[in-house]
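**Q** For reference, the file protein12.txt (compact mmCIF, C-alpha atoms) is included below:
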```
# COMPACT_ATOMS: atom_id res chain seq x y z
CA MET A 1 -28.24 -6.10 -4.51
CA GLN A 2 -27.55 -9.47 -6.14
CA ARG A 3 -26.27 -10.49 -9.51
CA SER A 4 -25.63 -14.11 -10.39
CA ALA A 5 -22.41 -15.38 -11.91
CA PRO A 6 -22.20 -15.69 -15.69
CA ASP A 7 -23.66 -18.95 -17.04
CA ASP A 8 -21.03 -19.26 -19.78
CA LYS A 9 -17.56 -18.00 -20.59
CA THR A 10 -18.80 -15.63 -23.29
CA GLN A 11 -20.44 -13.37 -20.72
CA MET A 12 -17.88 -11.11 -19.10
CA PRO A 13 -17.80 -10.83 -15.30
CA LEU A 14 -18.32 -7.34 -13.93
CA VAL A 15 -15.42 -7.59 -11.47
CA SER A 16 -11.98 -9.16 -11.77
CA VAL A 17 -10.31 -9.86 -8.43
CA VAL A 18 -6.55 -9.82 -9.05
CA ILE A 19 -4.47 -11.69 -6.46
CA PRO A 20 -0.66 -11.64 -6.88
CA THR A 21 1.03 -14.31 -4.77
CA TYR A 22 4.48 -15.54 -3.85
CA ASN A 23 5.08 -18.36 -1.36
CA SER A 24 1.89 -17.60 0.56
CA ALA A 25 0.24 -21.01 0.21
CA GLN A 26 -0.45 -21.23 3.93
CA TYR A 27 -2.69 -18.13 3.74
CA LEU A 28 -3.93 -18.26 0.15
CA SER A 29 -6.74 -20.74 0.76
CA GLU A 30 -8.39 -18.43 3.31
CA THR A 31 -8.01 -15.48 0.96
CA ILE A 32 -9.67 -17.32 -1.94
CA GLU A 33 -12.49 -18.53 0.30
CA SER A 34 -13.15 -14.97 1.48
CA VAL A 35 -13.60 -13.89 -2.14
CA LEU A 36 -15.69 -16.88 -3.20
CA SER A 37 -18.08 -16.22 -0.29
CA GLN A 38 -18.89 -12.66 -1.43
CA SER A 39 -22.54 -11.59 -1.39
CA TRP A 40 -21.93 -10.25 -4.92
CA GLN A 41 -21.14 -13.15 -7.23
CA ASP A 42 -20.47 -11.61 -10.66
CA PHE A 43 -16.69 -11.84 -10.55
CA GLU A 44 -13.68 -13.82 -11.63
CA ILE A 45 -10.51 -14.43 -9.62
CA ILE A 46 -7.16 -14.11 -11.36
CA ILE A 47 -4.31 -15.53 -9.31
CA VAL A 48 -0.86 -14.62 -10.63
CA ASP A 49 1.80 -16.84 -9.09
CA ASP A 50 5.09 -14.93 -9.08
CA GLY A 51 7.33 -18.00 -9.19
CA SER A 52 6.36 -19.56 -5.85
CA THR A 53 8.45 -22.48 -4.60
CA ASP A 54 5.82 -23.76 -2.17
CA ASN A 55 2.58 -25.64 -2.95
CA THR A 56 0.67 -22.60 -4.22
CA GLN A 57 -0.45 -24.33 -7.42
CA GLU A 58 -1.88 -27.28 -5.49
CA VAL A 59 -3.76 -24.94 -3.13
CA VAL A 60 -5.38 -23.14 -6.07
CA GLY A 61 -6.16 -26.38 -7.91
CA ALA A 62 -7.95 -27.81 -4.87
CA PHE A 63 -10.78 -25.29 -5.31
CA ASN A 64 -11.85 -26.64 -8.69
CA SER A 65 -13.84 -23.45 -9.37
CA ASN A 66 -14.64 -22.04 -12.80
CA LYS A 67 -14.35 -18.58 -11.29
CA ILE A 68 -10.61 -18.99 -10.76
CA ARG A 69 -7.92 -18.43 -13.38
CA TYR A 70 -4.35 -19.33 -12.46
CA ILE A 71 -1.33 -17.78 -14.17
CA ARG A 72 2.26 -18.68 -13.28
CA GLN A 73 5.32 -16.63 -14.18
CA GLU A 74 8.99 -16.36 -13.22
CA ASN A 75 9.65 -14.49 -10.00
CA SER A 76 9.79 -10.72 -10.51
CA GLY A 77 10.80 -9.72 -6.98
CA GLY A 78 7.68 -7.74 -6.11
CA PRO A 79 3.90 -7.47 -6.55
CA SER A 80 3.87 -4.91 -9.37
CA ARG A 81 4.48 -7.25 -12.30
CA PRO A 82 1.99 -9.93 -11.22
CA ARG A 83 -0.60 -7.19 -10.60
CA ASN A 84 0.05 -5.82 -14.08
CA VAL A 85 -0.28 -9.30 -15.60
CA GLY A 86 -3.55 -9.86 -13.76
CA ILE A 87 -4.93 -6.49 -14.87
CA HIS A 88 -3.91 -7.25 -18.46
CA HIS A 89 -5.82 -10.55 -18.43
CA ALA A 90 -8.82 -9.20 -16.51
CA ARG A 91 -12.16 -9.33 -18.33
CA GLY A 92 -14.07 -7.30 -15.76
CA LYS A 93 -15.13 -3.68 -15.92
CA TYR A 94 -13.70 -3.22 -12.43
CA ILE A 95 -10.44 -4.48 -10.93
CA SER A 96 -10.49 -5.44 -7.26
CA LEU A 97 -6.95 -5.76 -5.92
CA CYS A 98 -6.40 -8.25 -3.12
CA ASP A 99 -3.15 -9.45 -1.58
CA SER A 100 -2.79 -13.20 -1.18
CA ASP A 101 -2.79 -13.18 2.63
CA ASP A 102 -5.61 -10.70 3.22
CA LEU A 103 -9.25 -11.55 3.91
CA MET A 104 -12.06 -9.81 2.02
CA SER A 105 -15.19 -8.87 3.97
CA ARG A 106 -18.33 -10.59 2.69
CA ASN A 107 -20.15 -7.46 1.43
CA LYS A 108 -17.07 -5.61 0.12
CA LEU A 109 -17.67 -6.18 -3.62
CA GLU A 110 -21.41 -5.56 -3.37
CA GLY A 111 -20.89 -2.16 -1.74
CA ALA A 112 -18.06 -1.18 -4.06
CA VAL A 113 -19.93 -2.06 -7.25
CA ALA A 114 -23.06 -0.22 -6.16
CA PHE A 115 -20.98 2.91 -5.46
CA LEU A 116 -19.00 2.77 -8.72
CA GLU A 117 -22.05 2.03 -10.87
CA ARG A 118 -23.74 5.13 -9.42
CA TYR A 119 -20.66 7.38 -9.72
CA SER A 120 -18.91 6.17 -12.84
CA ASP A 121 -16.43 9.06 -13.08
CA LEU A 122 -14.47 8.00 -9.99
CA GLY A 123 -10.90 6.84 -10.53
CA LEU A 124 -10.67 4.60 -7.48
CA LEU A 125 -12.80 3.39 -4.61
CA PHE A 126 -11.29 2.32 -1.29
CA ALA A 127 -12.57 1.11 2.07
CA ASN A 128 -11.28 1.03 5.62
CA PHE A 129 -9.79 -2.18 7.01
CA GLU A 130 -8.74 -4.05 10.11
CA VAL A 131 -5.29 -5.46 10.87
CA CYS A 132 -4.58 -9.00 12.04
CA ASN A 133 -1.39 -10.87 12.85
CA GLU A 134 -0.02 -13.89 11.00
CA ARG A 135 -2.36 -16.20 12.96
CA GLY A 136 -5.38 -14.12 11.97
CA ASP A 137 -5.93 -12.54 15.40
CA SER A 138 -7.41 -9.06 14.97
CA VAL A 139 -5.78 -5.92 16.31
CA PRO A 140 -8.34 -3.59 18.00
CA GLY A 141 -9.59 -0.66 15.93
CA ARG A 142 -9.69 0.18 12.25
CA PHE A 143 -6.66 1.19 10.20
CA LEU A 144 -7.81 4.73 9.44
CA ASP A 145 -8.71 5.53 13.05
CA GLU A 146 -5.23 6.96 13.64
CA PHE A 147 -5.01 8.91 10.36
CA GLN A 148 -6.13 12.37 11.43
CA THR A 149 -5.02 13.83 8.08
CA PHE A 150 -7.58 11.59 6.39
CA TRP A 151 -10.44 12.51 8.74
CA ASP A 152 -9.62 16.22 8.34
CA LEU A 153 -9.83 15.82 4.57
CA PRO A 154 -13.02 17.44 3.17
CA LYS A 155 -15.38 14.83 1.74
CA LYS A 156 -18.72 15.07 -0.01
CA GLN A 157 -21.20 12.61 1.47
CA VAL A 158 -23.36 11.08 -1.27
CA GLY A 159 -24.80 8.13 0.64
CA GLU A 160 -25.03 6.71 4.14
CA LYS A 161 -21.46 5.40 3.94
CA TRP A 162 -20.42 6.83 0.59
CA PHE A 163 -18.02 9.76 0.33
CA ILE A 164 -16.32 11.45 -2.61
CA ILE A 165 -12.93 13.17 -2.29
CA GLU A 166 -12.08 15.68 -4.99
CA SER A 167 -8.98 15.00 -7.05
CA GLU A 168 -6.85 17.94 -5.89
CA LEU A 169 -7.56 17.34 -2.19
CA ALA A 170 -6.94 13.60 -2.44
CA TYR A 171 -3.65 14.10 -4.26
CA LYS A 172 -2.34 16.67 -1.78
CA THR A 173 -3.17 14.45 1.19
CA LEU A 174 -1.70 11.32 -0.40
CA LEU A 175 1.47 13.29 -1.05
CA CYS A 176 1.76 13.71 2.73
CA GLN A 177 0.55 10.30 3.86
CA ASN A 178 -0.71 7.12 2.22
CA PHE A 179 -4.11 6.31 3.72
CA ILE A 180 -5.22 3.71 1.14
CA GLY A 181 -4.82 -0.03 1.70
CA THR A 182 -4.27 -1.95 -1.53
CA SER A 183 -6.70 -4.78 -0.75
CA GLY A 184 -9.39 -2.21 -0.03
CA THR A 185 -9.38 -0.81 -3.57
CA VAL A 186 -11.59 -1.33 -6.61
CA VAL A 187 -10.53 0.50 -9.78
CA PRO A 188 -12.28 0.75 -13.16
CA LYS A 189 -10.05 -1.06 -15.66
CA GLU A 190 -10.20 1.92 -18.00
CA VAL A 191 -8.44 4.00 -15.32
CA PHE A 192 -5.44 1.66 -15.40
CA LEU A 193 -5.46 1.93 -19.19
CA SER A 194 -5.40 5.72 -18.77
CA VAL A 195 -2.74 6.24 -16.06
CA GLY A 196 -0.54 3.26 -16.88
CA LYS A 197 0.70 0.15 -15.11
CA PHE A 198 2.16 -0.30 -11.65
CA ASP A 199 5.80 0.79 -11.69
CA GLU A 200 7.75 -2.47 -11.65
CA SER A 201 10.94 -0.72 -10.54
CA ILE A 202 9.33 0.07 -7.13
CA ALA A 203 8.77 -2.58 -4.44
CA GLY A 204 6.84 -1.59 -1.33
CA PRO A 205 5.32 1.84 -1.97
CA GLU A 206 4.36 0.96 -5.56
CA ASP A 207 0.73 1.25 -4.46
CA ARG A 208 1.19 4.85 -3.25
CA ASP A 209 2.80 5.71 -6.59
CA MET A 210 -0.31 4.40 -8.34
CA TRP A 211 -2.77 6.20 -6.02
CA LEU A 212 -0.93 9.48 -6.62
CA ARG A 213 -1.13 9.02 -10.39
CA ILE A 214 -4.84 8.21 -10.22
CA SER A 215 -5.73 11.04 -7.83
CA ARG A 216 -4.04 13.62 -10.08
CA CYS A 217 -6.66 12.82 -12.71
CA TYR A 218 -9.72 11.52 -10.89
CA ALA A 219 -11.81 12.01 -7.76
CA LEU A 220 -11.76 9.11 -5.28
CA GLY A 221 -14.60 7.30 -3.56
CA TYR A 222 -14.42 6.23 0.09
CA LEU A 223 -16.67 3.44 1.33
CA ASP A 224 -16.85 3.77 5.11
CA VAL A 225 -16.89 0.06 5.95
CA VAL A 226 -14.28 -2.54 6.88
CA GLY A 227 -13.54 -3.97 3.43
CA HIS A 228 -10.90 -6.50 4.44
CA LYS A 229 -8.47 -7.75 7.05
CA TYR A 230 -4.85 -6.90 6.37
CA ARG A 231 -2.50 -9.61 7.61
CA HIS A 232 0.66 -8.04 9.04
CA ARG A 233 3.64 -10.30 8.40
CA GLU A 234 7.23 -9.63 9.45
CA THR A 235 8.43 -11.46 6.33
CA GLY A 236 6.29 -9.37 3.98
CA ILE A 237 7.54 -6.49 1.86
CA MET A 238 6.36 -3.89 4.36
CA GLY A 239 8.28 -5.69 7.10
CA ARG A 240 11.65 -5.27 5.39
CA GLY A 241 12.52 -2.05 7.19
CA ASP A 242 13.71 1.40 6.18
CA GLY A 243 16.99 0.15 4.77
CA VAL A 244 15.06 -1.52 1.95
CA LEU A 245 11.91 0.61 1.64
CA ALA A 246 13.24 4.17 2.06
CA PRO A 247 14.98 4.33 -1.37
CA TYR A 248 11.71 3.30 -3.04
CA ARG A 249 9.77 5.91 -1.05
CA ILE A 250 12.24 8.53 -2.23
CA ARG A 251 11.76 7.41 -5.84
CA VAL A 252 7.97 7.79 -5.53
CA MET A 253 8.37 11.41 -4.40
CA ARG A 254 11.05 12.17 -7.01
CA LYS A 255 8.63 11.01 -9.70
CA GLN A 256 6.05 13.48 -8.43
CA LEU A 257 8.57 16.34 -8.42
CA GLU A 258 9.42 15.53 -12.04
CA THR A 259 5.80 16.25 -13.01
CA GLY A 260 6.24 19.94 -12.17
CA LEU A 261 4.42 20.45 -8.88
CA PRO A 262 3.51 23.94 -7.60
CA PRO A 263 5.81 25.23 -4.81
CA SER A 264 3.43 24.30 -1.96
CA LEU A 265 3.24 20.67 -3.10
CA GLN A 266 6.97 20.58 -3.82
CA ARG A 267 7.53 21.30 -0.13
CA HIS A 268 5.35 18.34 0.84
CA ALA A 269 7.24 16.02 -1.51
CA ARG A 270 10.66 17.24 -0.35
CA ARG A 271 9.64 16.84 3.29
CA ASN A 272 8.73 13.23 2.54
CA ILE A 273 12.07 12.70 0.82
CA ALA A 274 13.86 14.24 3.81
CA GLN A 275 12.04 11.91 6.20
CA SER A 276 13.04 8.86 4.15
CA MET A 277 16.64 10.03 3.99
CA PHE A 278 16.63 10.53 7.76
CA ALA A 279 15.31 6.96 8.12
CA LEU A 280 18.20 5.74 5.97
CA GLY A 281 20.65 7.69 8.12
CA TYR A 282 19.26 6.16 11.29
CA HIS A 283 19.35 2.70 9.67
CA TRP A 284 23.07 3.01 8.87
CA GLN A 285 23.82 4.55 12.25
CA SER A 286 22.20 1.57 13.99
CA LEU A 287 24.49 -0.69 11.94
CA GLY A 288 27.52 1.29 13.06
CA ASP A 289 28.29 2.80 9.63
CA PHE A 290 28.63 6.45 10.61
CA ARG A 291 29.95 7.54 7.22
CA GLN A 292 26.83 6.30 5.42
CA ALA A 293 24.65 7.71 8.20
CA ARG A 294 26.31 11.12 7.92
CA THR A 295 25.73 11.21 4.15
CA HIS A 296 22.01 10.49 4.50
CA TYR A 297 21.50 12.91 7.39
CA TRP A 298 23.18 15.64 5.36
CA ASN A 299 21.07 14.87 2.29
CA SER A 300 17.96 14.96 4.49
CA LEU A 301 18.85 18.45 5.71
CA LYS A 302 19.42 19.65 2.14
CA GLU A 303 15.90 18.54 1.18
CA SER A 304 14.09 19.94 4.23
CA PHE A 305 15.43 21.11 7.59
CA SER A 306 14.56 19.14 10.73
CA VAL A 307 16.02 19.12 14.21
CA LEU A 308 16.16 15.32 14.20
CA ALA A 309 18.26 15.22 11.04
CA LEU A 310 20.59 17.88 12.44
CA LYS A 311 20.96 15.92 15.66
CA GLY A 312 21.66 12.77 13.66
CA LEU A 313 24.30 14.57 11.61
CA LEU A 314 26.06 15.85 14.74
CA ILE A 315 26.03 12.40 16.32
CA SER A 316 27.37 10.78 13.17
CA CYS A 317 30.24 13.31 13.13
CA LEU A 318 31.30 12.43 16.67
CA GLY A 319 32.47 8.95 15.77
CA LYS A 320 31.57 5.53 17.12
CA ARG A 321 33.81 5.56 20.16
CA LEU A 322 32.59 8.91 21.46
CA VAL A 323 28.96 7.99 20.83
CA ALA A 324 29.47 4.68 22.64
CA PHE A 325 31.12 6.53 25.55
CA LEU A 326 28.26 9.04 25.82
CA LYS A 327 25.72 6.22 25.65
CA GLU A 328 27.55 4.39 28.44
CA CYS A 329 27.56 7.56 30.56
CA ARG A 330 23.84 8.06 30.02
CA GLU A 331 23.08 4.45 30.98
CA ARG A 332 25.31 4.72 34.06
CA ARG A 333 23.44 7.83 35.22
CA ALA A 334 20.13 6.06 34.65
CA ARG A 335 21.23 3.10 36.79
CA GLN A 336 22.47 5.41 39.57
CA SER A 337 19.17 7.29 39.68
CA GLN A 338 17.16 4.09 40.21
```
Produce structure tokens that represent the structure in this file.
**A**
Amino acid sequence: MQRSAPDDKTQMPLVSVVIPTYNSAQYLSETIESVLSQSWQDFEIIIVDDGSTDNTQEVVGAFNSNKIRYIRQENSGGPSRPRNVGIHHARGKYISLCDSDDLMSRNKLEGAVAFLERYSDLGLLFANFEVCNERGDSVPGRFLDEFQTFWDLPKKQVGEKWFIIESELAYKTLLCQNFIGTSGTVVPKEVFLSVGKFDESIAGPEDRDMWLRISRCYALGYLDVVGHKYRHRETGIMGRGDGVLAPYRIRVMRKQLETGLPPSLQRHARRNIAQSMFALGYHWQSLGDFRQARTHYWNSLKESFSVLALKGLLISCLGKRLVAFLKECRERRARQSQ
């Protein structure tokens, strides 16, 4: 399936690829090239620079392509606002989200458009992906290979590699575990107009918040191909650790509880909240702040009981000196047994 690019600016592109970026100039060129080399060529690229202090603008300008639109704004502290700005300015029927250090597979847009044009009532389409390190070296396997909850999820096969997941099933599973990679998604723009913008008060799991809102209203499409390479970076948002991300994860689940979930789904949400609170407890314990750790372990137990949280609470009540003494005894026994 081929469709040529528009000959003039009055003809709207079918797809708008929205790329938020912040100080990722060293990777951005590869990302742009991966989009420009798509087998499907009816698209525009909207790059929203979130106040970068590196040479991002020069990298974008070097392409000299009429497909690329560059927007610069003051730093917002996360990807939600630049994504929202890009979506607002998008002229395409479909929005393809792509992070500025990821690499889009050559046939990704072609497959996604064919699927969405055939099944126009879908709220979101996503694909599988591979992971690579900062140098671009691939990690063996595909991202979803380890997500048994996703593979157990009932799907309706409507093509060789096309699957539809009903709204209720998708929402329930996403409430337990986020199996959608942002750069693998293509969303009809009208869906964003319906469910609202990315929540700019959330940094990290803002994508999961959006997928939950979409899946409450729409069925999802899964394209069983590798749609992109996700570049894992220690300096990225997802590398910031539980001390930073856990409060945002809790907020995502609190928002779902505020919508009035049935009891069975409330339990899923509260279990997620408890897990994030446990992560916060462990974070503070590792920093030696047992008072903060104790508070979070206790709050975790109030949301949903777990043996790990109870163990953490008991340890945090013992005090630093006793914990250090017990740890020393355990290490001494380990050395003696060698």
**Q** Counting all atoms listed in the file, which of A:Arg267, A:Asp289, A:Asn128, A:Tyr282 gets nearest to Asp145 in chain A?
**A**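 Going through A:Arg267, A:Asp289, A:Asn128, A:Tyr282 one by one, the smallest distance to Asp145 in chain A is for A:Asn128.
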**Q** Which residue is closest to Ala62 in chain A? Choose from A:Ala274, A:Val226, A:Ile202, A:Ala25 and count only C-alpha atoms.
**A**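 Ranked by minimum distance to Ala62 in chain A, first place goes to A:Ala25.
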**Q** For the atom pair CA of Arg81 in chain A and CA of Ser96 in chain A, what is the interatomic distance in Å to one decimal place?
**A**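 Going from CA of Arg81 in chain A over to CA of Ser96 in chain A, I get 15.9 Å.
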**Q** Compare A:Lys108, A:Lys156, A:Arg231, A:Arg321 by their minimum atom-to-atom distance to Glu130 in chain A, counting only C-alpha atoms, and give me the closest one.
**A**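 Nearest candidate to Glu130 in chain A out of A:Lys108, A:Lys156, A:Arg231, A:Arg321: A:Arg231.
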**Q** With all atoms listed in the file as the atoms that count, which of A:Met277, A:Pro262, A:Glu44, A:Gly227 lies nearest to Arg249 in chain A?
**A**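 For Arg249 in chain A, the nearest of the candidates is A:Met277.
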**Q** Between A:Ala334, A:Ile32, A:Cys217, A:Ile19, which has the minimum distance to Ser194 in chain A (counting only C-alpha atoms)?
**A**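 Once distances to Ser194 in chain A are computed over only C-alpha atoms, the minimum belongs to A:Cys217.
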**Q** May I ask which of the residues A:Val15, A:Leu257, A:Leu169, A:Leu124 is the closest one to Trp211 in chain A, counting only C-alpha atoms?
**A** A:Leu124
**Q** What is the CA of Gly159 in chain A-CA of Tyr222 in chain A distance in Å, reported with one decimal?
**A**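 Separation of CA of Gly159 in chain A and CA of Tyr222 in chain A: 10.6 Å.
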**Q** Mind pulling up the distance from CA of Val307 in chain A to CA of Asn272 in chain A?
**A**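 Straight-line distance from CA of Asn272 in chain A to CA of Val307 in chain A works out to 15.0 Å.
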**Q** Would you list the contacts of Leu313 in chain A as a list in words, taking every protein, DNA or RNA residue within 7 Å and counting all atoms listed in the file, but skipping same-chain residues closer than 2 positions in sequence?
**A**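 Near Leu313 in chain A, the qualifying residues are Arg294, Tyr297, Trp298, Ala309, Leu310, Lys311, Ile315, Ser316 and Cys317 of chain A.
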**Q** First collect every listed atom of range 129-143 of chain A; then fit an axis-aligned box around them, widen it by 8 Å on each side, and give centre and edge lengths in Å to one decimal, as AutoDock Vina command-line options.
**A**
```
--center_x -4.9 --center_y -7.5 --center_z 12.5 --size_x 25.8 --size_y 33.4 --size_z 27.0
```
**Q** Could you pull out every residue with an atom within 8 Å of (-0.2, -11.5, -5.6), file coordinates, counting only C-alpha atoms, and send them as JSON, numbers by chain?
**A** {"A": [18, 19, 20, 21, 22, 47, 48, 49, 50, 79, 82, 83, 98, 99, 100]}
**Q** Which polymer residues have any atom within 9 Å of an atom of Arg213 in chain A, counting only C-alpha atoms, with same-chain residues fewer than 6 positions away left out, as a PDB file with C-alpha atoms, in the coordinates of the input?
**A**
```
ATOM      1  CA  TYR A 171      -3.650  14.100  -4.260  1.00  0.00           C
ATOM      2  CA  VAL A 195      -2.740   6.240 -16.060  1.00  0.00           C
ATOM      3  CA  GLY A 196      -0.540   3.260 -16.880  1.00  0.00           C
ATOM      4  CA  GLN A 256       6.050  13.480  -8.430  1.00  0.00           C
TER       5      GLN A 256
END
```
**Q** If you count all atoms listed in the file, which residues fall within 12 Å of Trp151 in chain A, apart from same-chain ones fewer than 2 positions away, as an MDAnalysis selection string?
**A** chainID A and resid 128 144:149 153:155 163 165 170 173 179 222 224
**Q** Have range 56-68 of chain A completed to N, CA and C atoms, please, and pass it along as a PDB file, in the coordinates of the input.
**A**
```
ATOM      1  N   THR A  56       1.715 -23.544  -3.801  1.00  0.00           N
ATOM      2  CA  THR A  56       0.670 -22.600  -4.220  1.00  0.00           C
ATOM      3  C   THR A  56      -0.234 -23.186  -5.295  1.00  0.00           C
ATOM      4  N   GLN A  57       0.355 -23.808  -6.314  1.00  0.00           N
ATOM      5  CA  GLN A  57      -0.450 -24.330  -7.420  1.00  0.00           C
ATOM      6  C   GLN A  57      -1.434 -25.390  -6.941  1.00  0.00           C
ATOM      7  N   GLU A  58      -0.997 -26.247  -6.018  1.00  0.00           N
ATOM      8  CA  GLU A  58      -1.880 -27.280  -5.490  1.00  0.00           C
ATOM      9  C   GLU A  58      -3.027 -26.662  -4.680  1.00  0.00           C
ATOM     10  N   VAL A  59      -2.724 -25.617  -3.921  1.00  0.00           N
ATOM     11  CA  VAL A  59      -3.760 -24.940  -3.130  1.00  0.00           C
ATOM     12  C   VAL A  59      -4.833 -24.374  -4.048  1.00  0.00           C
ATOM     13  N   VAL A  60      -4.416 -23.716  -5.128  1.00  0.00           N
ATOM     14  CA  VAL A  60      -5.380 -23.140  -6.070  1.00  0.00           C
ATOM     15  C   VAL A  60      -6.176 -24.240  -6.759  1.00  0.00           C
ATOM     16  N   GLY A  61      -5.491 -25.296  -7.197  1.00  0.00           N
ATOM     17  CA  GLY A  61      -6.160 -26.380  -7.910  1.00  0.00           C
ATOM     18  C   GLY A  61      -7.196 -27.107  -7.073  1.00  0.00           C
ATOM     19  N   ALA A  62      -7.017 -27.099  -5.757  1.00  0.00           N
ATOM     20  CA  ALA A  62      -7.950 -27.810  -4.870  1.00  0.00           C
ATOM     21  C   ALA A  62      -9.344 -27.189  -4.877  1.00  0.00           C
ATOM     22  N   PHE A  63      -9.469 -25.942  -5.313  1.00  0.00           N
ATOM     23  CA  PHE A  63     -10.780 -25.290  -5.310  1.00  0.00           C
ATOM     24  C   PHE A  63     -11.669 -25.756  -6.453  1.00  0.00           C
ATOM     25  N   ASN A  64     -11.078 -26.115  -7.565  1.00  0.00           N
ATOM     26  CA  ASN A  64     -11.850 -26.640  -8.690  1.00  0.00           C
ATOM     27  C   ASN A  64     -13.041 -25.736  -9.027  1.00  0.00           C
ATOM     28  N   SER A  65     -12.775 -24.422  -9.114  1.00  0.00           N
ATOM     29  CA  SER A  65     -13.840 -23.450  -9.370  1.00  0.00           C
ATOM     30  C   SER A  65     -13.648 -22.808 -10.738  1.00  0.00           C
ATOM     31  N   ASN A  66     -14.750 -22.681 -11.498  1.00  0.00           N
ATOM     32  CA  ASN A  66     -14.640 -22.040 -12.800  1.00  0.00           C
ATOM     33  C   ASN A  66     -14.514 -20.527 -12.706  1.00  0.00           C
ATOM     34  N   LYS A  67     -14.570 -20.011 -11.485  1.00  0.00           N
ATOM     35  CA  LYS A  67     -14.350 -18.580 -11.290  1.00  0.00           C
ATOM     36  C   LYS A  67     -12.863 -18.232 -11.236  1.00  0.00           C
ATOM     37  N   ILE A  68     -12.023 -19.240 -11.010  1.00  0.00           N
ATOM     38  CA  ILE A  68     -10.610 -18.990 -10.760  1.00  0.00           C
ATOM     39  C   ILE A  68      -9.773 -19.243 -12.006  1.00  0.00           C
TER      40      ILE A  68
END
```
